[in-house]
$ cat data_39.txt   # compact mmCIF, C-alpha atoms and all ligand atoms
# COMPACT_ATOMS: atom_id res chain seq x y z
CA MET A 187 -5.83 22.58 23.31
CA ALA A 188 -4.84 21.18 19.93
CA LYS A 189 -6.97 18.30 18.75
CA ILE A 190 -5.56 16.09 16.02
CA LEU A 191 -7.65 13.67 13.99
CA VAL A 192 -5.70 10.53 13.02
CA ILE A 193 -6.95 8.61 9.99
CA ASN A 194 -5.96 5.11 8.87
CA ALA A 195 -7.88 4.44 5.65
CA GLY A 196 -7.96 0.90 4.24
CA SER A 197 -9.80 -0.55 1.25
CA SER A 198 -13.13 -1.18 2.97
CA SER A 199 -12.48 0.12 6.47
CA LEU A 200 -11.39 3.35 8.10
CA LYS A 201 -9.98 3.70 11.61
CA TYR A 202 -9.82 7.07 13.36
CA GLN A 203 -8.80 8.60 16.67
CA LEU A 204 -9.17 12.09 18.02
CA ILE A 205 -6.10 12.89 20.10
CA GLU A 206 -5.52 15.86 22.36
CA ALA A 207 -1.95 16.65 21.30
CA GLU A 208 -0.42 18.44 24.28
CA LYS A 209 -1.71 15.89 26.79
CA GLU A 210 -1.26 13.01 24.34
CA GLU A 211 -4.71 11.73 25.28
CA CYS A 212 -7.11 9.85 23.03
CA LEU A 213 -10.54 11.47 23.39
CA ALA A 214 -12.48 9.10 21.14
CA LYS A 215 -11.86 6.49 18.50
CA GLY A 216 -13.78 4.58 15.90
CA LEU A 217 -13.83 2.13 13.06
CA VAL A 218 -16.06 2.26 9.99
CA GLU A 219 -16.34 -1.15 8.35
CA ARG A 220 -17.66 -2.47 5.02
CA ILE A 221 -17.23 0.80 3.11
CA GLY A 222 -18.82 0.43 -0.33
CA LEU A 223 -20.54 -2.84 0.70
CA LYS A 224 -23.92 -3.76 2.14
CA GLY A 225 -24.11 -4.00 5.93
CA GLY A 226 -21.91 -1.03 6.86
CA LEU A 227 -20.94 -0.70 10.54
CA HIS A 228 -19.59 2.16 12.62
CA HIS A 229 -18.01 1.36 15.99
CA TYR A 230 -17.40 4.40 18.17
CA THR A 231 -15.87 4.65 21.64
CA ARG A 232 -15.56 7.79 23.71
CA THR A 233 -12.61 7.21 26.05
CA GLY A 234 -13.73 5.59 29.29
CA GLU A 235 -17.15 4.59 27.94
CA ASP A 236 -18.63 1.51 26.27
CA LYS A 237 -18.33 0.97 22.54
CA LEU A 238 -21.37 1.94 20.45
CA THR A 239 -22.10 0.17 17.19
CA ILE A 240 -24.26 1.87 14.58
CA LYS A 241 -25.49 0.02 11.50
CA LYS A 242 -25.42 2.18 8.41
CA ASP A 243 -24.35 1.61 4.82
CA VAL A 244 -21.39 3.73 3.83
CA GLY A 245 -20.78 4.42 0.14
CA ASP A 246 -17.22 5.73 0.18
CA HIS A 247 -14.39 7.11 2.32
CA THR A 248 -15.89 10.63 2.32
CA GLN A 249 -19.11 9.29 3.82
CA ALA A 250 -17.09 7.28 6.35
CA ILE A 251 -15.30 10.41 7.59
CA GLU A 252 -18.58 12.36 7.63
CA LEU A 253 -20.03 9.63 9.82
CA ALA A 254 -17.03 9.80 12.15
CA LEU A 255 -17.37 13.58 12.36
CA GLU A 256 -21.10 13.30 13.10
CA MET A 257 -20.30 11.15 16.16
CA LEU A 258 -17.40 13.35 17.28
CA LEU A 259 -19.79 16.36 17.12
CA ASP A 260 -22.75 14.58 18.73
CA PRO A 261 -24.07 16.75 21.61
CA GLU A 262 -24.37 13.69 23.88
CA LYS A 263 -21.69 11.26 22.82
CA GLY A 264 -19.26 13.58 21.05
CA VAL A 265 -16.04 15.25 22.19
CA ILE A 266 -15.92 18.48 20.13
CA LYS A 267 -18.31 21.36 19.45
CA SER A 268 -17.28 22.30 15.94
CA LYS A 269 -15.16 20.73 13.21
CA GLU A 270 -12.87 23.77 13.47
CA ASP A 271 -11.76 22.33 16.86
CA ILE A 272 -9.70 19.87 14.83
CA VAL A 273 -6.47 21.73 14.10
CA ALA A 274 -4.86 19.16 11.81
CA ILE A 275 -5.31 15.68 10.40
CA GLY A 276 -2.61 12.99 10.38
CA HIS A 277 -2.82 10.17 7.86
CA ARG A 278 -1.15 6.80 7.91
CA VAL A 279 0.34 6.30 4.46
CA VAL A 280 1.86 2.88 3.84
CA HIS A 281 4.42 3.59 1.14
CA GLY A 282 6.62 6.67 0.95
CA GLY A 283 9.14 5.05 -1.42
CA GLU A 284 12.64 6.54 -1.33
CA ARG A 285 11.36 10.09 -1.31
CA PHE A 286 10.11 10.28 2.29
CA SER A 287 12.29 9.53 5.28
CA GLU A 288 10.05 11.55 7.59
CA SER A 289 6.49 12.79 7.94
CA VAL A 290 5.41 15.72 5.72
CA LEU A 291 2.73 18.34 5.31
CA ILE A 292 0.57 17.27 2.38
CA ASP A 293 0.39 19.58 -0.64
CA ASN A 294 -0.32 18.82 -4.30
CA GLU A 295 3.23 17.69 -4.93
CA VAL A 296 3.19 15.27 -1.98
CA MET A 297 -0.19 13.92 -3.16
CA GLU A 298 1.38 13.27 -6.54
CA ALA A 299 4.33 11.46 -4.94
CA ILE A 300 1.98 9.27 -2.88
CA ARG A 301 0.05 8.55 -6.07
CA GLU A 302 3.27 7.55 -7.85
CA ASN A 303 4.02 5.12 -5.02
CA CYS A 304 0.71 3.33 -5.68
CA ARG A 305 2.65 1.11 -8.09
CA LEU A 306 4.75 -0.08 -5.10
CA ALA A 307 1.79 -0.49 -2.73
CA PRO A 308 -1.28 -1.07 -4.89
CA LEU A 309 -3.25 -2.56 -2.00
CA HIS A 310 -2.67 0.35 0.36
CA ASN A 311 -1.65 3.73 -1.06
CA PRO A 312 -4.77 4.19 -3.24
CA HIS A 313 -6.97 3.85 -0.14
CA ASN A 314 -4.72 6.10 1.95
CA LEU A 315 -5.12 8.69 -0.82
CA LYS A 316 -8.90 8.36 -0.69
CA GLY A 317 -8.75 9.20 3.03
CA ILE A 318 -6.68 12.31 2.33
CA GLU A 319 -8.92 13.45 -0.53
CA ALA A 320 -12.00 12.97 1.64
CA CYS A 321 -10.49 15.13 4.39
CA VAL A 322 -9.57 17.90 1.94
CA LYS A 323 -13.21 17.85 0.78
CA ILE A 324 -14.69 17.86 4.28
CA PHE A 325 -12.21 20.01 6.24
CA GLY A 326 -11.17 22.51 3.55
CA LYS A 327 -8.02 24.33 4.64
CA THR A 328 -7.23 22.26 7.75
CA PRO A 329 -3.67 20.93 7.25
CA ASN A 330 -3.13 17.26 6.46
CA VAL A 331 0.09 15.42 7.32
CA ALA A 332 1.32 12.09 5.90
CA VAL A 333 3.12 9.65 8.22
CA PHE A 334 4.73 6.81 6.29
CA ASP A 335 5.14 3.16 7.35
CA THR A 336 8.34 3.00 5.34
CA ALA A 337 9.97 6.21 6.67
CA PHE A 338 11.77 4.78 9.72
CA HIS A 339 13.54 2.22 7.51
CA GLN A 340 14.80 4.76 4.98
CA LYS A 341 18.20 5.06 6.71
CA MET A 342 19.00 1.37 6.05
CA PRO A 343 22.35 1.02 4.30
CA PRO A 344 22.37 -0.20 0.67
CA HIS A 345 23.88 -3.56 1.64
CA ALA A 346 20.73 -4.18 3.70
CA TYR A 347 18.18 -2.86 1.23
CA LEU A 348 19.54 -4.16 -2.08
CA TYR A 349 18.59 -7.62 -3.32
CA ALA A 350 21.19 -9.64 -5.26
CA LEU A 351 19.30 -9.07 -8.51
CA PRO A 352 20.68 -7.27 -11.57
CA ILE A 353 21.27 -3.72 -10.33
CA SER A 354 19.03 -2.39 -13.12
CA MET A 355 16.06 -3.85 -11.20
CA TYR A 356 16.79 -1.31 -8.50
CA LYS A 357 17.92 1.57 -10.69
CA GLU A 358 15.18 1.31 -13.29
CA HIS A 359 12.33 -0.28 -11.34
CA SER A 360 12.95 0.69 -7.68
CA ILE A 361 12.99 -2.97 -6.60
CA ARG A 362 14.61 -2.99 -3.14
CA ARG A 363 13.78 -3.63 0.52
CA TYR A 364 11.57 -0.86 1.92
CA GLY A 365 10.23 -2.36 5.16
CA PHE A 366 6.91 -1.56 6.82
CA HIS A 367 5.39 -1.07 10.33
CA GLY A 368 8.03 1.69 10.71
CA THR A 369 5.86 3.83 12.97
CA SER A 370 5.45 0.95 15.40
CA HIS A 371 9.13 -0.08 15.38
CA PHE A 372 10.10 3.56 15.96
CA PHE A 373 7.64 3.99 18.83
CA VAL A 374 8.48 0.84 20.79
CA ALA A 375 12.26 1.25 20.29
CA HIS A 376 12.07 4.76 21.77
CA GLN A 377 9.86 3.57 24.62
CA ALA A 378 12.40 0.85 25.45
CA ALA A 379 15.31 3.32 25.41
CA LYS A 380 13.36 5.63 27.71
CA ALA A 381 12.61 2.77 30.10
CA LEU A 382 16.29 1.78 30.11
CA GLY A 383 17.22 5.41 30.82
CA LYS A 384 19.73 5.50 27.96
CA PRO A 385 19.96 7.54 24.77
CA ILE A 386 18.62 5.43 21.90
CA ASP A 387 21.72 6.13 19.81
CA GLU A 388 23.80 4.12 22.30
CA LEU A 389 21.56 1.04 22.09
CA LYS A 390 21.13 -2.07 19.96
CA ILE A 391 17.46 -3.04 19.98
CA ILE A 392 15.51 -5.76 18.17
CA THR A 393 11.84 -4.81 17.79
CA LEU A 394 9.28 -7.56 17.08
CA HIS A 395 5.96 -6.30 15.73
CA LEU A 396 3.90 -9.51 15.78
CA GLY A 397 0.36 -8.80 14.66
CA ASN A 398 -1.67 -10.31 11.86
CA GLY A 399 1.08 -8.82 9.69
CA ALA A 400 4.46 -9.26 11.38
CA SER A 401 7.94 -7.81 11.03
CA MET A 402 11.16 -7.38 12.98
CA SER A 403 13.74 -4.60 12.91
CA ALA A 404 17.33 -4.20 13.98
CA VAL A 405 17.49 -0.73 15.53
CA LYS A 406 21.04 0.52 16.04
CA GLY A 407 22.01 4.06 16.93
CA GLY A 408 18.32 5.06 16.78
CA TYR A 409 17.84 3.90 13.18
CA SER A 410 16.36 0.80 11.61
CA ILE A 411 19.42 -0.73 9.94
CA ASP A 412 17.58 -3.82 8.70
CA THR A 413 14.04 -5.15 8.72
CA SER A 414 12.31 -8.39 7.77
CA MET A 415 9.62 -7.09 5.41
CA GLY A 416 10.98 -6.24 2.01
CA PHE A 417 9.82 -4.88 -1.32
CA THR A 418 6.33 -5.76 -0.08
CA PRO A 419 4.94 -6.85 3.30
CA LEU A 420 5.10 -10.49 2.15
CA GLU A 421 8.74 -11.14 3.05
CA GLY A 422 10.11 -12.22 6.40
CA LEU A 423 8.24 -13.77 9.31
CA VAL A 424 5.37 -16.25 9.22
CA MET A 425 2.20 -14.13 9.45
CA GLY A 426 -1.54 -14.69 9.85
CA THR A 427 -2.08 -15.53 6.18
CA ARG A 428 1.25 -14.56 4.53
CA CYS A 429 4.06 -17.03 4.01
CA GLY A 430 7.04 -14.76 4.70
CA ASP A 431 10.41 -16.04 3.44
CA ILE A 432 10.27 -18.76 0.79
CA ASP A 433 12.53 -19.83 -2.05
CA PRO A 434 11.70 -17.39 -4.89
CA ALA A 435 11.69 -20.34 -7.30
CA ILE A 436 8.53 -21.74 -5.67
CA PRO A 437 6.09 -19.34 -7.41
CA ILE A 438 7.83 -20.12 -10.73
CA PHE A 439 7.35 -23.84 -10.07
CA MET A 440 3.68 -23.26 -9.19
CA MET A 441 3.24 -21.41 -12.47
CA GLU A 442 5.18 -23.73 -14.75
CA ARG A 443 4.53 -27.14 -13.20
CA LEU A 444 1.22 -26.70 -11.41
CA GLY A 445 -0.35 -24.53 -14.11
CA MET A 446 -1.38 -21.80 -11.71
CA GLU A 447 -2.13 -18.23 -12.79
CA HIS A 448 -0.22 -15.41 -11.09
CA THR A 449 -3.41 -14.19 -9.39
CA GLU A 450 -3.96 -17.61 -7.81
CA ILE A 451 -0.35 -17.75 -6.63
CA ASN A 452 -0.66 -14.26 -5.23
CA THR A 453 -3.76 -15.32 -3.28
CA ILE A 454 -2.00 -18.42 -1.92
CA LEU A 455 1.11 -16.54 -0.77
CA ASN A 456 -0.77 -13.56 0.72
CA LYS A 457 -4.10 -14.93 1.89
CA LYS A 458 -3.87 -18.70 2.33
CA SER A 459 -0.44 -19.29 3.82
CA GLY A 460 1.14 -18.44 7.19
CA LEU A 461 -0.64 -19.62 10.34
CA LEU A 462 -3.83 -20.27 8.38
CA GLY A 463 -2.13 -22.34 5.69
CA LEU A 464 0.02 -24.36 8.06
CA SER A 465 -2.63 -25.06 10.68
CA GLY A 466 -5.58 -25.37 8.32
CA ILE A 467 -7.56 -23.85 11.22
CA SER A 468 -7.21 -20.10 11.49
CA ASN A 469 -5.06 -17.04 10.95
CA ASP A 470 -5.89 -16.02 14.52
CA MET A 471 -3.09 -16.95 16.92
CA ARG A 472 -5.55 -17.52 19.78
CA GLU A 473 -7.36 -20.23 17.81
CA VAL A 474 -4.11 -21.85 16.68
CA GLU A 475 -2.83 -21.91 20.27
CA GLU A 476 -6.11 -23.43 21.48
CA ALA A 477 -6.00 -26.16 18.83
CA ALA A 478 -2.35 -26.92 19.65
CA GLU A 479 -3.26 -27.20 23.32
CA LYS A 480 -5.90 -29.76 22.41
CA GLY A 481 -3.25 -31.76 20.58
CA ASP A 482 -3.76 -30.76 16.93
CA GLU A 483 -0.49 -31.69 15.21
CA ASN A 484 -0.78 -29.13 12.38
CA ALA A 485 -1.42 -26.34 14.87
CA LYS A 486 1.57 -27.45 16.95
CA MET A 487 3.80 -27.41 13.86
CA ALA A 488 2.47 -23.96 12.85
CA LEU A 489 3.52 -22.55 16.24
CA LYS A 490 6.92 -24.23 16.00
CA ILE A 491 7.62 -22.78 12.55
CA TYR A 492 6.33 -19.36 13.64
CA ALA A 493 8.69 -19.23 16.63
CA TYR A 494 11.62 -20.79 14.74
CA ARG A 495 11.51 -18.05 12.09
CA ILE A 496 11.54 -15.37 14.81
CA LYS A 497 14.53 -17.04 16.46
CA LYS A 498 16.45 -17.05 13.17
CA TYR A 499 15.90 -13.31 12.75
CA ILE A 500 17.00 -12.64 16.34
CA GLY A 501 20.25 -14.44 15.50
CA GLU A 502 20.67 -12.48 12.27
CA TYR A 503 20.04 -9.11 13.81
CA THR A 504 22.24 -9.81 16.84
CA ALA A 505 25.03 -10.68 14.40
CA VAL A 506 24.65 -7.63 12.16
CA MET A 507 24.44 -5.23 15.13
CA GLY A 508 27.35 -6.90 16.94
CA GLY A 509 25.16 -7.68 19.98
CA VAL A 510 21.80 -6.77 21.41
CA ASP A 511 20.76 -4.77 24.49
CA ALA A 512 17.00 -5.19 24.33
CA LEU A 513 14.24 -7.17 22.65
CA VAL A 514 10.82 -5.54 22.37
CA PHE A 515 7.66 -7.55 21.72
CA THR A 516 4.65 -5.61 20.44
CA ALA A 517 1.30 -5.82 18.53
CA GLY A 518 -1.50 -8.39 19.02
CA ILE A 519 0.67 -11.50 19.34
CA GLY A 520 3.83 -9.83 20.65
CA GLU A 521 1.89 -8.18 23.48
CA ASN A 522 -0.52 -10.99 24.29
CA SER A 523 1.04 -14.36 23.56
CA ALA A 524 3.25 -15.49 26.43
CA LEU A 525 3.64 -18.80 24.60
CA ILE A 526 5.13 -17.30 21.43
CA ARG A 527 7.50 -15.07 23.42
CA LYS A 528 8.69 -18.10 25.38
CA MET A 529 9.03 -20.40 22.35
CA SER A 530 10.89 -17.75 20.31
CA LEU A 531 13.50 -17.18 23.01
CA GLU A 532 14.06 -20.79 24.05
CA GLY A 533 17.69 -21.79 23.58
CA LEU A 534 18.99 -18.22 23.25
CA GLU A 535 20.52 -18.18 26.75
CA PHE A 536 23.99 -18.39 25.13
CA LEU A 537 23.35 -14.87 23.76
CA GLY A 538 22.52 -13.63 27.26
CA ILE A 539 18.76 -13.74 26.50
CA LYS A 540 16.96 -15.23 29.52
CA ILE A 541 13.21 -14.86 29.91
CA ASP A 542 11.51 -15.08 33.31
CA GLU A 543 8.68 -17.51 32.59
CA LYS A 544 6.57 -16.40 35.55
CA LYS A 545 6.81 -12.70 34.73
CA ASN A 546 6.24 -13.49 31.06
CA VAL A 547 2.83 -14.92 31.94
CA GLU A 548 1.91 -12.51 34.73
CA GLU A 549 2.76 -9.38 32.78
CA ASN A 550 1.06 -10.52 29.57
CA GLY A 551 -0.49 -7.60 27.67
CA LYS A 552 1.11 -4.90 29.83
CA PHE A 553 4.08 -2.58 29.46
CA ALA A 554 6.64 -4.70 31.30
CA ARG A 555 10.16 -6.11 31.49
CA VAL A 556 10.12 -9.88 31.59
CA GLU A 557 13.77 -10.94 31.56
CA LYS A 558 15.23 -13.09 34.32
CA LYS A 559 17.62 -11.60 36.86
CA GLY A 560 21.07 -11.91 35.32
CA SER A 561 19.85 -11.76 31.71
CA LYS A 562 22.27 -9.56 29.75
CA VAL A 563 19.48 -8.56 27.40
CA ALA A 564 16.38 -6.65 28.55
CA ILE A 565 13.14 -8.22 27.31
CA PHE A 566 10.19 -5.85 27.00
CA ILE A 567 6.50 -6.17 26.27
CA ILE A 568 5.43 -2.73 25.00
CA PRO A 569 1.95 -1.99 23.67
CA THR A 570 2.37 -0.18 20.37
CA ASN A 571 0.65 3.14 19.66
CA GLU A 572 1.02 4.13 16.03
CA GLU A 573 -1.79 6.68 16.30
CA LEU A 574 0.11 8.58 18.96
CA VAL A 575 3.20 8.83 16.74
CA ILE A 576 1.01 10.08 13.88
CA ALA A 577 -0.61 12.67 16.18
CA ARG A 578 2.79 13.82 17.53
CA ASP A 579 4.30 14.23 14.07
CA THR A 580 1.21 16.02 12.80
CA TYR A 581 1.18 18.37 15.76
CA ASN A 582 4.91 19.12 15.51
CA ILE A 583 4.72 19.83 11.78
CA CYS A 584 1.61 21.98 12.08
CA LYS A 585 2.88 23.95 15.09
CA VAL A 586 5.43 25.69 12.92
CA ILE A 587 3.26 26.55 9.90
P1 LIG B 1 -2.93 -7.12 15.41
O1 LIG B 1 -2.78 -7.26 13.92
O2 LIG B 1 -1.81 -6.38 16.06
O3 LIG B 1 -4.29 -6.65 15.85
O4 LIG B 1 -2.80 -8.62 16.01
C1 LIG B 1 -3.70 -9.62 15.67
C2 LIG B 1 -3.19 -10.95 16.19
O5 LIG B 1 -3.01 -10.89 17.61
C3 LIG B 1 -4.14 -12.12 15.93
O6 LIG B 1 -3.43 -13.22 15.41
C4 LIG B 1 -4.65 -12.46 17.31
O7 LIG B 1 -4.95 -13.81 17.43
C5 LIG B 1 -3.45 -12.11 18.18
N1 LIG B 1 -3.83 -12.03 19.58
C6 LIG B 1 -4.61 -11.10 20.18
N2 LIG B 1 -4.78 -11.43 21.49
C7 LIG B 1 -4.09 -12.59 21.71
C8 LIG B 1 -3.89 -13.46 22.84
N3 LIG B 1 -4.42 -13.17 24.03
N4 LIG B 1 -3.13 -14.56 22.67
C9 LIG B 1 -2.59 -14.86 21.47
N5 LIG B 1 -2.75 -14.08 20.36
C10 LIG B 1 -3.49 -12.98 20.49

$ encode --input "data_39.txt" --output "C-alpha cells" --more "lines below"
Ligand code: AMP
Amino acid sequence: MAKILVINAGSSSLKYQLIEAEKEECLAKGLVERIGLKGGLHHYTRTGEDKLTIKKDVGDHTQAIELALEMLLDPEKGVIKSKEDIVAIGHRVVHGGERFSESVLIDNEVMEAIRENCRLAPLHNPHNLKGIEACVKIFGKTPNVAVFDTAFHQKMPPHAYLYALPISMYKEHSIRRYGFHGTSHFFVAHQAAKALGKPIDELKIITLHLGNGASMSAVKGGYSIDTSMGFTPLEGLVMGTRCGDIDPAIPIFMMERLGMEHTEINTILNKKSGLLGLSGISNDMREVEEAAEKGDENAKMALKIYAYRIKKYIGEYTAVMGGVDALVFTAGIGENSALIRKMSLEGLEFLGIKIDEKKNVEENGKFARVEKKGSKVAIFIIPTNEELVIARDTYNICKVI
C-alpha cells in the first residue's frame, strides 16, 4: 500500500498528513506551530483518535519534519514502521508562475524555478522551499512532488489574466492575474460534477472558497477561466484581514497625503482590513456573526459588505460563462456559515438561484445540496480536501517513475 506524506510548509508552521494513496485514506495528520520561536507546539492526530499536543521548541523546518516523523513512527501512536514506508512526498507550493500548469516531480531545475517564483510570492514560496529541502535531507532519494496553488488557473485566457496596465508590465515584469487556492477550486468543482453525474467539461460552475483567505472561480469546460485573486492573494473578496478589491489609487493617497510608508500600507491592506478592519472585532467569522447577532452595527455592516462582494462576483462569473449550472461553497466559512450562504444568494432568484433555507441550516458543514426544488442552479456545500488532491497527484506522478 502506497503511503504518501503531504507537506504544507508555512513561515512558522507546518501541516502534514499521511495518506494511504490507493484507499485515499488519511492515516494521521499533524501541525507543528511556532517554528523558530519559543513555545513550539506539535498537534498530532491518528485517524479516529483524540488529538495529542506535545510542547517542544522547534528550531527550523527540518526539525519540524523530524518531529512529525518521530510521531508517525511511534510504536504506540504511530502508523508506519519505517520511514521507507513513505513512497513519496507531496508539497503544496503556492506560486508556480507561468511555468507550471500541473503538478511536477521535483528535481534541481524545478527547485530553481520555484526559487525564481519567490519574487512573486515572497511570503510563501521561500517557506515551501524550506519544506522541500528538509525532506530531501531527511528522506534522501524518496521522490518529492510539487502541487501548485496557481496551476488550475493557468488555462485562463489572456483577456482574463491581463491587467489594463502598459503591456511591458506583463512582458518584462510578469505582472498579471495568477489566482490561488487552485487545488481547492479544482477539487470541489470535480466533486460537484461527479455529484451531478455530468462530465465537468459540459458544466458551468462557480466555486466559492471562503476561508480566512477567500477566492472565487468561474469553472467552464473543466478549467478555471477567471478567478478573483490576482497578482497576489490580496485582490477580490473581503477576507479575514485582507481588503480585497479597492481603488488602486487608495494606497497612493495613503502614501502621499497620509504620509504612510509602504510597509505600513502593506500591513493595513493585508493584516488590518477585511472582516477585522470593518468590524473592529475579529477576523474570525464566528465572532463577527455573534457580535452582529447582539446588534453591533459595525459587525452587521462587515457581514453585509462581505456578502455583497460575493454576490457581485456571482453576477460577473455568470455573465462571462453565459450562465451557471452549480454554485459550490467550501472552506471554513463556505462550509460552515449558513448565514453567509443565505445573504450572498439573496435576490439572485432571477438567475434561477434559489436556496432552501431549511436545508441550508440543517446541512451546514456537510457535503450537501441545498437548493430549493425548482432552482435552476444546483447549490452545493462541499468540504474541501486539498491534501487529497496533493496525495493523488503525487501518487500518479510517482507511479510511472
Ligand atoms: P479556513 O481558512 O478555511 O480554516 O476558514 C477559517 C474561517 O472559517 C474563519 O473565519 C472561521 O471563523 C470560519 N468558520 C469556521 N467555522 C465556522 C462557523 N461554524 N460559522 C462561521 N464561520 C466559521

$ residues_near_ligand --input "data_39.txt" --ligand "ligand LIG 1 (chain B)" --cutoff "7 Å" --atoms "all atoms listed in the file" --output "ChimeraX atom specification"
/A:396-399,426,469-473,517-519,522-523

$ atom_distance --input "data_39.txt" --atom1 "atom CA of A:Glu476" --atom2 "atom CA of A:Gly460"
16.8 Å

$ closest_residue --input "data_39.txt" --among "A:Val556, A:Val424, A:Leu258, A:Leu455" --to "A:Tyr494" --atoms "only C-alpha atoms"
A:Val424

$ atom_distance --input "data_39.txt" --atom1 "atom CA of A:Ala554" --atom2 "atom CA of A:His367"
21.3 Å

$ atom_distance --input "data_39.txt" --atom1 "atom CA of A:Glu298" --atom2 "atom CA of A:Val280"
14.7 Å

$ residues_around --input "data_39.txt" --residues "A:Thr369" --least-positions-apart "3" --cutoff "9 Å" --atoms "all atoms listed in the file" --output "list in words"
Val333, Phe334, Asp335, Thr336, Ala337, Phe338, Phe366, Phe372, Phe373, Val374, Asn571, Glu572, Glu573, Val575 and Ile576 of chain A

$ write_last_selection --input "data_39.txt" --atoms "C-alpha atoms" --output "PDB file, keeping the file's coordinate frame"
ATOM      1  CA  VAL A 333       3.120   9.650   8.220  1.00  0.00           C
ATOM      2  CA  PHE A 334       4.730   6.810   6.290  1.00  0.00           C
ATOM      3  CA  ASP A 335       5.140   3.160   7.350  1.00  0.00           C
ATOM      4  CA  THR A 336       8.340   3.000   5.340  1.00  0.00           C
ATOM      5  CA  ALA A 337       9.970   6.210   6.670  1.00  0.00           C
ATOM      6  CA  PHE A 338      11.770   4.780   9.720  1.00  0.00           C
ATOM      7  CA  PHE A 366       6.910  -1.560   6.820  1.00  0.00           C
ATOM      8  CA  PHE A 372      10.100   3.560  15.960  1.00  0.00           C
ATOM      9  CA  PHE A 373       7.640   3.990  18.830  1.00  0.00           C
ATOM     10  CA  VAL A 374       8.480   0.840  20.790  1.00  0.00           C
ATOM     11  CA  ASN A 571       0.650   3.140  19.660  1.00  0.00           C
ATOM     12  CA  GLU A 572       1.020   4.130  16.030  1.00  0.00           C
ATOM     13  CA  GLU A 573      -1.790   6.680  16.300  1.00  0.00           C
ATOM     14  CA  VAL A 575       3.200   8.830  16.740  1.00  0.00           C
ATOM     15  CA  ILE A 576       1.010  10.080  13.880  1.00  0.00           C
TER      16      ILE A 576
END

$ closest_residue --input "data_39.txt" --among "A:Gly509, A:Pro308, A:Gly408, A:Gly520" --to "A:Leu537" --atoms "all atoms listed in the file"
A:Gly509

$ build_atoms --input "data_39.txt" --residues "stretch 213-218 of chain A" --atoms "all heavy atoms" --output "compact mmCIF listing (two decimals), keeping the file's coordinate frame"
# COMPACT_ATOMS: atom_id res chain seq x y z
N LEU A 213 -9.23 11.05 22.89
CA LEU A 213 -10.54 11.47 23.39
C LEU A 213 -11.64 10.51 22.93
O LEU A 213 -12.59 10.24 23.64
CB LEU A 213 -10.86 12.89 22.91
CG LEU A 213 -9.83 13.96 23.27
CD1 LEU A 213 -10.19 15.28 22.63
CD2 LEU A 213 -9.75 14.11 24.79
N ALA A 214 -11.49 10.03 21.69
CA ALA A 214 -12.48 9.10 21.14
C ALA A 214 -11.85 8.39 19.95
O ALA A 214 -10.91 8.90 19.34
CB ALA A 214 -13.72 9.86 20.68
N LYS A 215 -12.37 7.20 19.67
CA LYS A 215 -11.86 6.49 18.50
C LYS A 215 -12.97 5.70 17.84
O LYS A 215 -14.03 5.47 18.45
CB LYS A 215 -10.70 5.57 18.88
CG LYS A 215 -11.07 4.45 19.81
CD LYS A 215 -9.81 3.65 20.11
CE LYS A 215 -10.12 2.60 21.15
NZ LYS A 215 -8.97 1.83 21.57
N GLY A 216 -12.74 5.31 16.60
CA GLY A 216 -13.78 4.58 15.90
C GLY A 216 -13.26 3.79 14.73
O GLY A 216 -12.09 3.91 14.32
N LEU A 217 -14.15 2.96 14.21
CA LEU A 217 -13.83 2.13 13.06
C LEU A 217 -15.08 2.03 12.20
O LEU A 217 -16.16 1.66 12.69
CB LEU A 217 -13.41 0.73 13.55
CG LEU A 217 -13.37 -0.40 12.52
CD1 LEU A 217 -12.27 -0.17 11.49
CD2 LEU A 217 -13.13 -1.75 13.21
N VAL A 218 -14.94 2.43 10.93
CA VAL A 218 -16.06 2.26 9.99
C VAL A 218 -15.71 1.06 9.12
O VAL A 218 -14.64 1.01 8.52
CB VAL A 218 -16.26 3.53 9.12
CG1 VAL A 218 -17.46 3.34 8.19
CG2 VAL A 218 -16.44 4.76 9.99
